[in-house]
Amino acid sequence: MASTTAMFTALTGLNANARSLDVIGNNIANVNTTAFKSSRMLFSTQFNLTNNVGTPPGDVNGGTNPYQIGLGVTTAGTQRNFNPGTIQPTGQPRDMAIDGDGFFVVQQGNNTGYTRNGAFQRTSLGDLVTVNGSRLMGYGIDEQFNINRGSMVPINIPLGSLTIAEATTQVTFRGNLNAAGSVAAQGSRVSLGGAPSQGLVAIATATPPPATGNVLEDATRLVDIEDPLLVGSGTPLFANGQSLQIRGAEKGGKTIPTVDFAITDTTTVAELRTFLAESLGINTTLGANPDGLTPGVGLDPLTGLFDIVGNTGTANDVQLDSTDLRLLDASGQFVRHPLSTEKTTDADGESVRTTFIVYDSLGSAVEVDITAVLESRDSAGTTWRYYVDSADDSGTNLAVATGQLTFDTDGRLSTTSVPPVSIDRSGTGAASPLVFSLGFGGGAENVTSLADDTSSLAATFRDGSPIGTLSGFAVGSDGTIIGAFSNGLTRALGQVAVATFANPEGLVELGDSTFGPGANSGSAVITEPGVLGAGLIVGGALELANVDIGEEFIKMISASTGYSASSRVIRTTDELMQQLLVLGR
């Protein structure tokens, strides 16, 4: 007699194979979905109708096996295949793929998800997000562009808006200082007074008055100096609110920057002397020149003449004309040329000067001059003195540093260390002082002192950079996002984090190629790429779906065959039942 049990058993086959076709269809539909992970349907038998569990063998007869009739099939569950797909380059720096285990961490609102789909895009705020807007999470940076792995933050790449600058810390020079040049013997000498060979004198009512026999002293106020054009009148040369301007003076043929000296009721001759020495870039810390004169601005109190003595070396030769000294009124308007100058001595000595640019912490360019002067020559080699000047020093002193370089008889640098240069940048908003080191030897970048026609010196390397804007980025294998700036600097912008699970097959799919933790997945372990079993990041590439079309077609044929066979069982059972009904007519 036909059994309805066979029909219901075959029905389970129809249902199971139909569910298998659902899974296969989903795999095939997502064959081009980035980083899609295929699934397979797993079947298991349903409970059995047990007529006899069997008997053990005895002394008379053998045992019997169980007598059971299966009642069909059921879907035991699905199993996701997390084998990696093929990684395909795209050339887009925002695209990423994970080569190995792990998931990108994404967040939308307060919900955290995990995905292998690295097709990210930038928002107007610079955040990297998935197609559905979930932010890519990772580690941020501190103010010094160091990765901060203490907490997770959205990855942000502010192209076109992030700007940085870098202060200079090292300048390297190369060249040859002519060992056959003339040794420096004297600096330039300029006499300054009220008229040629005529000094300045204090008025009769000067407070304080000069000592007996003196016509002018350091303590004399500028407003108490008599106008040399009105001798004996007691008319002051300077007045409160005026300023003395140096414009057009030269040092070694290079124009010295214009600088003003404010005159008040208390400004003294000593302050004027200091101003002249500093604004002309005369280094007054070295003692006397070989000719016995000390660099600086001296005063003969008996004659009232100023004696300006420069440093040695032709590149330090000071040229100060009477027209370079300008008296301005309180509104900055020219009044007259108040002082007279007369140059009596030119600086001598083999020397060379070069100008280079360094940068402060804000990226502002700071112009610096370095001059090398042949100071001595003996059986042990040559000694050169370098002078460092900068008009961009916030103080009035043009001279900022000096030092010695010694060379042996082979012209090789003997000096092992050079003190760093410090330039005052107070009042500019930048970190002050700007400190950088000078490199004259080491490796291929060497300064030598060999006999030649002339000396040469040039800055061949300088770190630091002016302001630059973030113009591009790339992702390293460890997930570090390196930003490229328009000034040539590169900095870390963050690091992509990777999450791993003890059982990734236990994850729950949330849609949009995103997964969430499941009861059997374990908790997420978030770490850097390449650490604790996490895969590495491949920038500019995407992971393809791991669907095997050939395998899916075979599974589809098998499921179709199983479905057809189950339907044949139902039809056959139906035919038997029809035959039974015919017999009853």
# chains A, B, ... in the order shown; residues from 1 in each chain; ligands from 1
call {"tool": "residues_around", "arguments": {"residues": "A:Val223", "least_positions_apart": "2", "cutoff": "10 Å", "atoms": "only C-alpha atoms", "output": "CSV table (one decimal) with all heavy atoms, in the first residue's frame"}}
result
chain,number,residue,atom,x,y,z
A,202,ALA,N,79.4,117.8,23.7
A,202,ALA,CA,78.2,118.0,24.5
A,202,ALA,C,78.0,119.5,24.7
A,202,ALA,O,78.9,120.3,24.8
A,202,ALA,CB,78.4,117.3,25.9
A,203,ILE,N,76.7,119.8,24.8
A,203,ILE,CA,76.3,121.2,25.0
A,203,ILE,C,76.7,121.6,26.5
A,203,ILE,O,76.9,120.7,27.3
A,203,ILE,CB,74.8,121.5,24.8
A,203,ILE,CG1,74.0,120.6,25.7
A,203,ILE,CG2,74.5,121.2,23.3
A,203,ILE,CD1,72.5,120.8,25.5
A,206,ALA,N,74.7,120.1,29.4
A,206,ALA,CA,74.5,118.6,29.3
A,206,ALA,C,74.4,118.1,30.8
A,206,ALA,O,75.1,118.5,31.7
A,206,ALA,CB,75.7,118.0,28.6
A,207,THR,N,73.5,117.1,30.9
A,207,THR,CA,73.3,116.4,32.2
A,207,THR,C,73.3,114.9,31.9
A,207,THR,O,72.5,114.4,31.2
A,207,THR,CB,71.9,116.8,32.8
A,207,THR,OG1,71.8,118.2,32.9
A,207,THR,CG2,71.7,116.2,34.1
A,220,THR,N,76.9,110.6,28.3
A,220,THR,CA,76.2,111.7,27.7
A,220,THR,C,75.0,111.3,26.9
A,220,THR,O,75.0,110.4,26.2
A,220,THR,CB,77.2,112.5,26.8
A,220,THR,OG1,78.4,112.8,27.5
A,220,THR,CG2,76.5,113.7,26.2
A,221,ARG,N,73.9,112.1,27.2
A,221,ARG,CA,72.6,111.8,26.5
A,221,ARG,C,72.7,112.3,25.1
A,221,ARG,O,73.4,113.4,24.8
A,221,ARG,CB,71.5,112.4,27.2
A,221,ARG,CG,71.2,111.9,28.6
A,221,ARG,CD,70.0,112.6,29.2
A,221,ARG,NE,70.1,114.0,29.2
A,221,ARG,CZ,69.1,114.9,29.4
A,221,ARG,NH1,67.9,114.4,29.4
A,221,ARG,NH2,69.3,116.2,29.3
A,225,ILE,N,74.0,116.4,22.8
A,225,ILE,CA,75.1,116.6,21.8
A,225,ILE,C,74.8,117.8,21.0
A,225,ILE,O,73.7,118.0,20.4
A,225,ILE,CB,75.2,115.3,21.0
A,225,ILE,CG1,75.6,114.1,21.8
A,225,ILE,CG2,76.2,115.5,19.8
A,225,ILE,CD1,75.7,112.8,21.0
A,226,GLU,N,75.8,118.6,20.8
A,226,GLU,CA,75.6,119.9,20.1
A,226,GLU,C,75.6,119.6,18.6
A,226,GLU,O,76.3,118.8,18.1
A,226,GLU,CB,76.8,120.8,20.4
A,226,GLU,CG,76.6,122.2,19.8
A,226,GLU,CD,77.7,123.2,20.2
A,226,GLU,OE1,78.8,122.9,19.9
A,226,GLU,OE2,77.3,124.2,20.9
A,227,ASP,N,74.8,120.4,17.9
A,227,ASP,CA,74.7,120.3,16.4
A,227,ASP,C,76.0,120.8,15.8
A,227,ASP,O,76.4,122.0,16.1
A,227,ASP,CB,73.5,121.2,15.9
A,227,ASP,CG,73.3,121.0,14.4
A,227,ASP,OD1,74.2,120.6,13.7
A,227,ASP,OD2,72.1,121.3,14.0
A,235,THR,N,72.8,124.4,20.5
A,235,THR,CA,71.6,123.7,19.9
A,235,THR,C,71.9,122.2,19.8
A,235,THR,O,72.9,121.8,19.2
A,235,THR,CB,71.4,124.3,18.5
A,235,THR,OG1,71.2,125.7,18.6
A,235,THR,CG2,70.1,123.7,17.9
A,236,PRO,N,70.9,121.4,20.4
A,236,PRO,CA,71.1,119.9,20.3
A,236,PRO,C,71.0,119.4,18.9
A,236,PRO,O,70.3,119.9,18.0
A,236,PRO,CB,70.0,119.4,21.2
A,236,PRO,CG,69.6,120.5,22.0
A,236,PRO,CD,69.8,121.8,21.2
A,237,LEU,N,71.8,118.4,18.6
A,237,LEU,CA,71.7,117.7,17.3
A,237,LEU,C,70.5,116.8,17.2
A,237,LEU,O,69.9,116.7,16.2
A,237,LEU,CB,73.0,116.9,17.1
A,237,LEU,CG,73.1,116.0,15.8
A,237,LEU,CD1,73.0,116.8,14.6
A,237,LEU,CD2,74.4,115.2,15.8
A,238,PHE,N,70.2,116.1,18.3
A,238,PHE,CA,69.1,115.2,18.4
A,238,PHE,C,68.0,115.7,19.3
A,238,PHE,O,68.3,116.4,20.3
A,238,PHE,CB,69.6,113.8,18.8
A,238,PHE,CG,70.7,113.2,18.0
A,238,PHE,CD1,72.0,113.2,18.5
A,238,PHE,CD2,70.4,112.8,16.7
A,238,PHE,CE1,73.0,112.6,17.7
A,238,PHE,CE2,71.4,112.2,15.9
A,238,PHE,CZ,72.7,112.2,16.4
A,239,ALA,N,66.8,115.2,19.1
A,239,ALA,CA,65.7,115.5,19.9
A,239,ALA,C,64.9,114.3,20.3
A,239,ALA,O,64.9,113.3,19.6
A,239,ALA,CB,64.8,116.6,19.2
A,240,ASN,N,64.2,114.4,21.4
A,240,ASN,CA,63.3,113.2,21.8
A,240,ASN,C,62.3,112.9,20.8
A,240,ASN,O,61.6,113.8,20.2
A,240,ASN,CB,62.7,113.6,23.1
A,240,ASN,CG,61.7,112.5,23.6
A,240,ASN,OD1,62.1,111.3,23.5
A,240,ASN,ND2,60.6,112.9,24.2
A,242,GLN,N,62.9,111.5,17.8
A,242,GLN,CA,63.6,111.3,16.5
A,242,GLN,C,64.2,109.9,16.5
A,242,GLN,O,64.2,109.2,17.5
A,242,GLN,CB,64.7,112.3,16.3
A,242,GLN,CG,64.1,113.7,16.1
A,242,GLN,CD,65.3,114.7,15.8
A,242,GLN,OE1,66.4,114.5,16.3
A,242,GLN,NE2,65.0,115.8,15.1
A,263,ILE,N,65.4,107.5,19.6
A,263,ILE,CA,66.1,108.5,20.5
A,263,ILE,C,65.1,109.0,21.5
A,263,ILE,O,64.0,109.5,21.1
A,263,ILE,CB,66.7,109.6,19.7
A,263,ILE,CG1,67.7,109.1,18.7
A,263,ILE,CG2,67.3,110.7,20.6
A,263,ILE,CD1,68.3,110.2,17.7
A,264,THR,N,65.4,108.9,22.7
A,264,THR,CA,64.6,109.4,23.8
A,264,THR,C,65.4,110.4,24.7
A,264,THR,O,66.6,110.6,24.4
A,264,THR,CB,64.0,108.3,24.7
A,264,THR,OG1,65.1,107.7,25.4
A,264,THR,CG2,63.3,107.2,23.9
A,265,ASP,N,64.7,110.9,25.7
A,265,ASP,CA,65.4,111.9,26.6
A,265,ASP,C,66.6,111.2,27.4
A,265,ASP,O,67.5,111.9,27.9
A,265,ASP,CB,64.5,112.5,27.6
A,265,ASP,CG,63.6,113.6,26.9
A,265,ASP,OD1,64.1,114.2,25.9
A,265,ASP,OD2,62.5,113.8,27.4
A,266,THR,N,66.5,109.8,27.4
A,266,THR,CA,67.5,109.1,28.3
A,266,THR,C,68.5,108.3,27.4
A,266,THR,O,69.4,107.7,28.0
A,266,THR,CB,66.8,108.2,29.2
A,266,THR,OG1,66.0,107.2,28.5
A,266,THR,CG2,65.9,109.0,30.2
A,267,THR,N,68.4,108.3,26.1
A,267,THR,CA,69.3,107.5,25.3
A,267,THR,C,70.7,108.1,25.4
A,267,THR,O,70.9,109.3,25.2
A,267,THR,CB,68.8,107.6,23.8
A,267,THR,OG1,67.5,107.1,23.8
A,267,THR,CG2,69.7,106.6,23.0
A,268,THR,N,71.7,107.2,25.6
A,268,THR,CA,73.0,107.7,25.8
A,268,THR,C,74.0,107.3,24.7
A,268,THR,O,73.6,106.6,23.8
A,268,THR,CB,73.6,107.0,27.1
A,268,THR,OG1,73.7,105.6,26.9
A,268,THR,CG2,72.7,107.3,28.3
A,269,VAL,N,75.2,107.9,24.7
A,269,VAL,CA,76.2,107.6,23.7
A,269,VAL,C,76.6,106.2,23.7
A,269,VAL,O,76.8,105.6,22.7
A,269,VAL,CB,77.4,108.5,24.0
A,269,VAL,CG1,78.6,108.1,23.1
A,269,VAL,CG2,77.1,110.0,23.7
call {"tool": "residues_around", "arguments": {"residues": "A:Ser39", "least_positions_apart": "6", "cutoff": "9 Å", "atoms": "only C-alpha atoms", "output": "JSON, numbers by chain"}}
result
{"A": [23, 24, 26, 27, 78, 79, 80, 81, 82, 547]}
call {"tool": "residues_around", "arguments": {"residues": "stretch 554-562 of chain A", "least_positions_apart": "4", "cutoff": "7 Å", "atoms": "only C-alpha atoms", "output": "PDB file with all heavy atoms, in the first residue's frame"}}
result
ATOM      1  N   ASN A  17      16.635  21.134  -0.495  1.00  0.00           N
ATOM      2  CA  ASN A  17      17.329  21.511  -1.730  1.00  0.00           C
ATOM      3  C   ASN A  17      16.946  22.905  -2.196  1.00  0.00           C
ATOM      4  O   ASN A  17      17.755  23.606  -2.822  1.00  0.00           O
ATOM      5  CB  ASN A  17      17.034  20.480  -2.821  1.00  0.00           C
ATOM      6  CG  ASN A  17      17.826  19.206  -2.639  1.00  0.00           C
ATOM      7  OD1 ASN A  17      19.031  19.161  -2.863  1.00  0.00           O
ATOM      8  ND2 ASN A  17      17.139  18.143  -2.192  1.00  0.00           N
ATOM      9  N   SER A  20      19.089  25.118  -0.248  1.00  0.00           N
ATOM     10  CA  SER A  20      20.450  25.052  -0.789  1.00  0.00           C
ATOM     11  C   SER A  20      20.569  25.935  -2.023  1.00  0.00           C
ATOM     12  O   SER A  20      21.574  26.631  -2.220  1.00  0.00           O
ATOM     13  CB  SER A  20      20.810  23.609  -1.134  1.00  0.00           C
ATOM     14  OG  SER A  20      22.098  23.528  -1.697  1.00  0.00           O
ATOM     15  N   LEU A  21      19.523  25.939  -2.879  1.00  0.00           N
ATOM     16  CA  LEU A  21      19.530  26.811  -4.045  1.00  0.00           C
ATOM     17  C   LEU A  21      19.504  28.280  -3.643  1.00  0.00           C
ATOM     18  O   LEU A  21      20.086  29.137  -4.327  1.00  0.00           O
ATOM     19  CB  LEU A  21      18.328  26.493  -4.946  1.00  0.00           C
ATOM     20  CG  LEU A  21      18.460  25.219  -5.791  1.00  0.00           C
ATOM     21  CD1 LEU A  21      17.134  24.888  -6.456  1.00  0.00           C
ATOM     22  CD2 LEU A  21      19.556  25.389  -6.838  1.00  0.00           C
ATOM     23  N   ILE A  24      23.133  29.041  -2.848  1.00  0.00           N
ATOM     24  CA  ILE A  24      23.916  29.072  -4.089  1.00  0.00           C
ATOM     25  C   ILE A  24      23.595  30.328  -4.888  1.00  0.00           C
ATOM     26  O   ILE A  24      24.488  31.007  -5.430  1.00  0.00           O
ATOM     27  CB  ILE A  24      23.641  27.813  -4.925  1.00  0.00           C
ATOM     28  CG1 ILE A  24      24.148  26.572  -4.172  1.00  0.00           C
ATOM     29  CG2 ILE A  24      24.282  27.908  -6.298  1.00  0.00           C
ATOM     30  CD1 ILE A  24      23.687  25.257  -4.775  1.00  0.00           C
ATOM     31  N   GLY A 550      32.535  27.855 -10.788  1.00  0.00           N
ATOM     32  CA  GLY A 550      32.445  26.448 -11.217  1.00  0.00           C
ATOM     33  C   GLY A 550      31.882  25.570 -10.131  1.00  0.00           C
ATOM     34  O   GLY A 550      31.017  24.708 -10.378  1.00  0.00           O
ATOM     35  N   SER A 566      13.374  14.399  -5.419  1.00  0.00           N
ATOM     36  CA  SER A 566      12.371  14.415  -4.347  1.00  0.00           C
ATOM     37  C   SER A 566      10.981  14.581  -4.914  1.00  0.00           C
ATOM     38  O   SER A 566      10.003  13.951  -4.447  1.00  0.00           O
ATOM     39  CB  SER A 566      12.694  15.544  -3.350  1.00  0.00           C
ATOM     40  OG  SER A 566      13.913  15.309  -2.688  1.00  0.00           O
TER      41      SER A 566
END
call {"tool": "residues_around", "arguments": {"residues": "A:Ile246", "least_positions_apart": "2", "cutoff": "7 Å", "atoms": "only C-alpha atoms", "output": "JSON, numbers by chain"}}
result
{"A": [244, 248, 249, 258, 259, 260, 324, 325, 326]}
call {"tool": "closest_residue", "arguments": {"among": "A:Gly296, A:Gly363, A:Gly58, A:Gly113", "to": "A:Gly518", "atoms": "only C-alpha atoms"}}
result
A:Gly113
call {"tool": "closest_atom_pairs", "arguments": {"of": "stretch 147-192 of chain A", "to": "stretch 369-389 of chain A", "cutoff": "10 Å", "atoms": "only C-alpha atoms", "output": "tab-separated table"}}
result
residue	atom	partner	partner_atom	distance
A:Leu177	CA	A:Ala372	CA	8.0
A:Asn178	CA	A:Leu374	CA	8.3
A:Ala179	CA	A:Thr382	CA	6.7
A:Ala180	CA	A:Arg377	CA	9.1
A:Gly181	CA	A:Leu374	CA	7.4
A:Ser182	CA	A:Leu374	CA	7.3
A:Val183	CA	A:Leu374	CA	5.4
A:Ala184	CA	A:Glu375	CA	5.6
A:Ala185	CA	A:Glu375	CA	8.2
call {"tool": "write_last_selection", "arguments": {"atoms": "N, CA, C and O atoms", "output": "mmCIF file, in the first residue's frame"}}
result
data_model
loop_
_atom_site.group_PDB
_atom_site.id
_atom_site.type_symbol
_atom_site.label_atom_id
_atom_site.label_comp_id
_atom_site.auth_asym_id
_atom_site.auth_seq_id
_atom_site.Cartn_x
_atom_site.Cartn_y
_atom_site.Cartn_z
ATOM 1 N N LEU A 177 88.392 76.063 1.175
ATOM 2 C CA LEU A 177 88.878 77.345 1.651
ATOM 3 C C LEU A 177 90.338 77.471 1.237
ATOM 4 O O LEU A 177 91.174 76.619 1.585
ATOM 5 N N ASN A 178 90.657 78.495 0.478
ATOM 6 C CA ASN A 178 91.968 78.666 -0.138
ATOM 7 C C ASN A 178 93.076 78.820 0.918
ATOM 8 O O ASN A 178 93.218 79.871 1.549
ATOM 9 N N ALA A 179 93.861 77.756 1.087
ATOM 10 C CA ALA A 179 94.930 77.770 2.085
ATOM 11 C C ALA A 179 96.078 78.667 1.675
ATOM 12 O O ALA A 179 96.914 79.035 2.510
ATOM 13 N N ALA A 180 96.152 79.036 0.386
ATOM 14 C CA ALA A 180 97.249 79.875 -0.104
ATOM 15 C C ALA A 180 96.910 81.362 -0.052
ATOM 16 O O ALA A 180 97.703 82.205 -0.474
ATOM 17 N N GLY A 181 95.719 81.690 0.439
ATOM 18 C CA GLY A 181 95.318 83.093 0.500
ATOM 19 C C GLY A 181 96.090 83.860 1.556
ATOM 20 O O GLY A 181 96.849 83.306 2.366
ATOM 21 N N SER A 182 95.875 85.160 1.588
ATOM 22 C CA SER A 182 96.569 86.012 2.557
ATOM 23 C C SER A 182 95.907 85.903 3.928
ATOM 24 O O SER A 182 94.677 85.893 4.045
ATOM 25 N N VAL A 183 96.757 85.816 4.950
ATOM 26 C CA VAL A 183 96.255 85.730 6.322
ATOM 27 C C VAL A 183 95.725 87.094 6.741
ATOM 28 O O VAL A 183 96.352 88.138 6.480
ATOM 29 N N ALA A 184 94.568 87.118 7.375
ATOM 30 C CA ALA A 184 93.943 88.374 7.785
ATOM 31 C C ALA A 184 94.808 89.086 8.820
ATOM 32 O O ALA A 184 95.321 88.462 9.761
ATOM 33 N N ALA A 185 94.966 90.399 8.654
ATOM 34 C CA ALA A 185 95.768 91.201 9.583
ATOM 35 C C ALA A 185 94.971 92.322 10.218
ATOM 36 O O ALA A 185 95.281 92.762 11.326
#
call {"tool": "atom_distance", "arguments": {"atom1": "atom CA of A:Leu581", "atom2": "atom CA of A:Phe8"}}
result
19.6 Å
call {"tool": "closest_residue", "arguments": {"among": "A:Glu278, A:Asp321, A:Glu143, A:Asp329", "to": "A:Ser243", "atoms": "only C-alpha atoms"}}
result
A:Asp329
call {"tool": "residues_around", "arguments": {"residues": "A:Ser191", "least_positions_apart": "4", "cutoff": "10 Å", "atoms": "only C-alpha atoms", "output": "tab-separated table (two decimals) with all heavy atoms, in the first residue's frame"}}
result
chain	number	residue	atom	x	y	z
A	196	PRO	N	84.17	115.91	8.89
A	196	PRO	CA	85.42	115.20	8.67
A	196	PRO	C	86.48	115.60	9.70
A	196	PRO	O	86.79	116.79	9.86
A	196	PRO	CB	85.82	115.61	7.25
A	196	PRO	CG	84.51	115.91	6.58
A	196	PRO	CD	83.66	116.52	7.63
A	197	SER	N	87.00	114.59	10.40
A	197	SER	CA	88.05	114.78	11.42
A	197	SER	C	87.59	115.67	12.57
A	197	SER	O	88.42	116.20	13.32
A	197	SER	CB	89.34	115.35	10.80
A	197	SER	OG	89.82	114.50	9.78
A	198	GLN	N	86.31	115.85	12.72
A	198	GLN	CA	85.77	116.68	13.80
A	198	GLN	C	84.79	115.86	14.61
A	198	GLN	O	83.82	115.31	14.06
A	198	GLN	CB	85.09	117.94	13.25
A	198	GLN	CG	84.42	118.80	14.31
A	198	GLN	CD	83.65	119.97	13.71
A	198	GLN	OE1	84.00	120.45	12.64
A	198	GLN	NE2	82.61	120.42	14.39
A	199	GLY	N	85.04	115.77	15.91
A	199	GLY	CA	84.19	114.96	16.76
A	199	GLY	C	82.95	115.69	17.20
A	199	GLY	O	82.70	116.86	16.86
A	297	VAL	N	82.80	99.62	18.34
A	297	VAL	CA	82.69	101.07	18.14
A	297	VAL	C	83.23	101.76	19.39
A	297	VAL	O	82.63	101.66	20.47
A	297	VAL	CB	81.24	101.50	17.87
A	297	VAL	CG1	81.15	103.02	17.68
A	297	VAL	CG2	80.69	100.79	16.64
A	298	GLY	N	84.38	102.37	19.25
A	298	GLY	CA	85.00	103.07	20.37
A	298	GLY	C	84.72	104.55	20.33
A	298	GLY	O	84.25	105.12	19.33
A	299	LEU	N	85.01	105.21	21.45
A	299	LEU	CA	84.81	106.66	21.57
A	299	LEU	C	86.05	107.28	22.21
A	299	LEU	O	86.51	106.83	23.27
A	299	LEU	CB	83.57	106.97	22.42
A	299	LEU	CG	83.37	108.44	22.80
A	299	LEU	CD1	83.07	109.28	21.56
A	299	LEU	CD2	82.26	108.58	23.84
A	305	LEU	N	85.32	111.76	18.75
A	305	LEU	CA	85.27	110.96	17.53
A	305	LEU	C	84.97	109.50	17.86
A	305	LEU	O	85.53	108.95	18.83
A	305	LEU	CB	86.59	111.05	16.77
A	305	LEU	CG	86.87	112.33	16.00
A	305	LEU	CD1	88.30	112.34	15.47
A	305	LEU	CD2	85.88	112.48	14.84
A	306	PHE	N	84.09	108.90	17.06
A	306	PHE	CA	83.80	107.47	17.18
A	306	PHE	C	84.74	106.72	16.23
A	306	PHE	O	84.97	107.15	15.09
A	306	PHE	CB	82.35	107.17	16.79
A	306	PHE	CG	81.34	107.70	17.77
A	306	PHE	CD1	80.91	109.02	17.71
A	306	PHE	CD2	80.81	106.86	18.75
A	306	PHE	CE1	79.99	109.50	18.61
A	306	PHE	CE2	79.87	107.35	19.65
A	306	PHE	CZ	79.46	108.66	19.59
A	307	ASP	N	85.25	105.59	16.71
A	307	ASP	CA	86.16	104.77	15.91
A	307	ASP	C	85.50	103.40	15.68
A	307	ASP	O	85.38	102.61	16.62
A	307	ASP	CB	87.49	104.60	16.64
A	307	ASP	CG	88.55	103.94	15.75
A	307	ASP	OD1	88.36	103.93	14.52
A	307	ASP	OD2	89.55	103.43	16.30
A	308	ILE	N	85.04	103.16	14.45
A	308	ILE	CA	84.37	101.90	14.12
A	308	ILE	C	85.41	100.94	13.55
A	308	ILE	O	86.01	101.22	12.49
A	308	ILE	CB	83.24	102.13	13.10
A	308	ILE	CG1	82.22	103.13	13.66
A	308	ILE	CG2	82.56	100.81	12.75
A	308	ILE	CD1	81.14	103.52	12.67
A	309	VAL	N	85.65	99.83	14.24
A	309	VAL	CA	86.62	98.82	13.82
A	309	VAL	C	85.87	97.53	13.52
A	309	VAL	O	85.15	97.00	14.39
A	309	VAL	CB	87.69	98.58	14.90
A	309	VAL	CG1	88.67	97.49	14.45
A	309	VAL	CG2	88.42	99.87	15.23
A	320	LEU	N	80.57	102.40	5.37
A	320	LEU	CA	79.54	103.26	5.95
A	320	LEU	C	79.78	104.69	5.50
A	320	LEU	O	80.74	105.34	5.93
A	320	LEU	CB	79.57	103.15	7.48
A	320	LEU	CG	78.55	103.99	8.25
A	320	LEU	CD1	77.12	103.51	7.95
A	320	LEU	CD2	78.82	103.95	9.75
A	340	SER	N	79.09	112.54	10.06
A	340	SER	CA	80.06	112.45	8.97
A	340	SER	C	80.95	111.23	9.21
A	340	SER	O	81.34	110.95	10.35
A	340	SER	CB	80.91	113.72	8.92
A	340	SER	OG	81.94	113.60	7.95
A	341	THR	N	81.25	110.51	8.12
A	341	THR	CA	82.10	109.33	8.23
A	341	THR	C	83.30	109.47	7.32
A	341	THR	O	83.25	110.15	6.28
A	341	THR	CB	81.33	108.05	7.85
A	341	THR	OG1	80.95	108.13	6.47
A	341	THR	CG2	80.10	107.86	8.72
A	342	GLU	N	84.38	108.81	7.71
A	342	GLU	CA	85.59	108.79	6.91
A	342	GLU	C	86.26	107.43	7.09
A	342	GLU	O	86.61	107.07	8.21
A	342	GLU	CB	86.54	109.91	7.34
A	342	GLU	CG	87.83	109.95	6.52
A	342	GLU	CD	88.78	111.04	6.99
A	342	GLU	OE1	88.47	111.72	7.99
A	342	GLU	OE2	89.83	111.21	6.35
A	343	LYS	N	86.38	106.69	6.00
A	343	LYS	CA	87.00	105.38	6.08
A	343	LYS	C	88.51	105.52	5.94
A	343	LYS	O	89.02	106.12	4.97
A	343	LYS	CB	86.46	104.45	5.00
A	343	LYS	CG	86.93	103.02	5.16
A	343	LYS	CD	86.21	102.09	4.20
A	343	LYS	CE	86.61	100.64	4.44
A	343	LYS	NZ	85.91	99.70	3.56
A	344	THR	N	89.22	104.94	6.89
A	344	THR	CA	90.67	105.07	6.90
A	344	THR	C	91.39	103.77	6.59
A	344	THR	O	92.55	103.81	6.16
A	344	THR	CB	91.14	105.57	8.28
A	344	THR	OG1	90.73	104.65	9.29
A	344	THR	CG2	90.54	106.94	8.58
A	345	THR	N	90.72	102.60	6.80
A	345	THR	CA	91.39	101.31	6.60
A	345	THR	C	90.39	100.31	6.02
A	345	THR	O	89.22	100.26	6.45
A	345	THR	CB	91.94	100.74	7.92
A	345	THR	OG1	92.80	101.71	8.53
A	345	THR	CG2	92.71	99.45	7.68
call {"tool": "select_by_dssp", "arguments": {"residues": "stretch 247-308 of chain A", "states": "alpha helix (DSSP H)", "output": "list in words"}}
result
Val269, Ala270, Glu271, Leu272, Arg273, Thr274, Phe275, Leu276, Ala277, Glu278 and Ser279 of chain A
call {"tool": "closest_residue", "arguments": {"among": "A:Val129, A:Leu583, A:Ala35, A:Ile282", "to": "A:Gly102", "atoms": "only C-alpha atoms"}}
result
A:Ala35
call {"tool": "atom_distance", "arguments": {"atom1": "atom CA of A:Ala10", "atom2": "atom CA of A:Phe553"}}
result
23.3 Å
call {"tool": "residues_around", "arguments": {"residues": "A:Val171", "least_positions_apart": "6", "cutoff": "10 Å", "atoms": "only C-alpha atoms", "output": "list in words"}}
result
Phe356, Ile357, Val358, Phe436, Ser437, Leu438, Gly439, Phe440, Ala459, Thr460, Phe461, Arg462, Asp463 and Gly464 of chain A
call {"tool": "select_by_dssp", "arguments": {"residues": "stretch 207-249 of chain A", "states": "strand (DSSP E or B)", "output": "JSON, numbers by chain"}}
result
{"A": [221, 225, 226, 236, 243, 244, 245, 246]}
call {"tool": "write_last_selection", "arguments": {"atoms": "C-alpha atoms", "output": "mmCIF file, in the first residue's frame"}}
result
data_model
loop_
_atom_site.group_PDB
_atom_site.id
_atom_site.type_symbol
_atom_site.label_atom_id
_atom_site.label_comp_id
_atom_site.auth_asym_id
_atom_site.auth_seq_id
_atom_site.Cartn_x
_atom_site.Cartn_y
_atom_site.Cartn_z
ATOM 1 C CA ARG A 221 72.644 111.809 26.480
ATOM 2 C CA ILE A 225 75.055 116.565 21.823
ATOM 3 C CA GLU A 226 75.614 119.879 20.071
ATOM 4 C CA PRO A 236 71.144 119.947 20.299
ATOM 5 C CA SER A 243 65.331 108.164 15.278
ATOM 6 C CA LEU A 244 68.667 107.468 13.652
ATOM 7 C CA GLN A 245 68.392 105.187 10.640
ATOM 8 C CA ILE A 246 71.141 103.171 8.954
#
call {"tool": "residues_around", "arguments": {"residues": "A:Gly313", "least_positions_apart": "5", "cutoff": "8 Å", "atoms": "only C-alpha atoms", "output": "MDAnalysis selection string"}}
result
chainID A and resid 184 186:187 347:351 373:374
call {"tool": "atom_distance", "arguments": {"atom1": "atom CA of A:Ser390", "atom2": "atom CA of A:Val435"}}
result
12.9 Å
call {"tool": "closest_residue", "arguments": {"among": "A:Leu286, A:Val352, A:Ala119, A:Leu192", "to": "A:Gly91", "atoms": "only C-alpha atoms"}}
result
A:Ala119
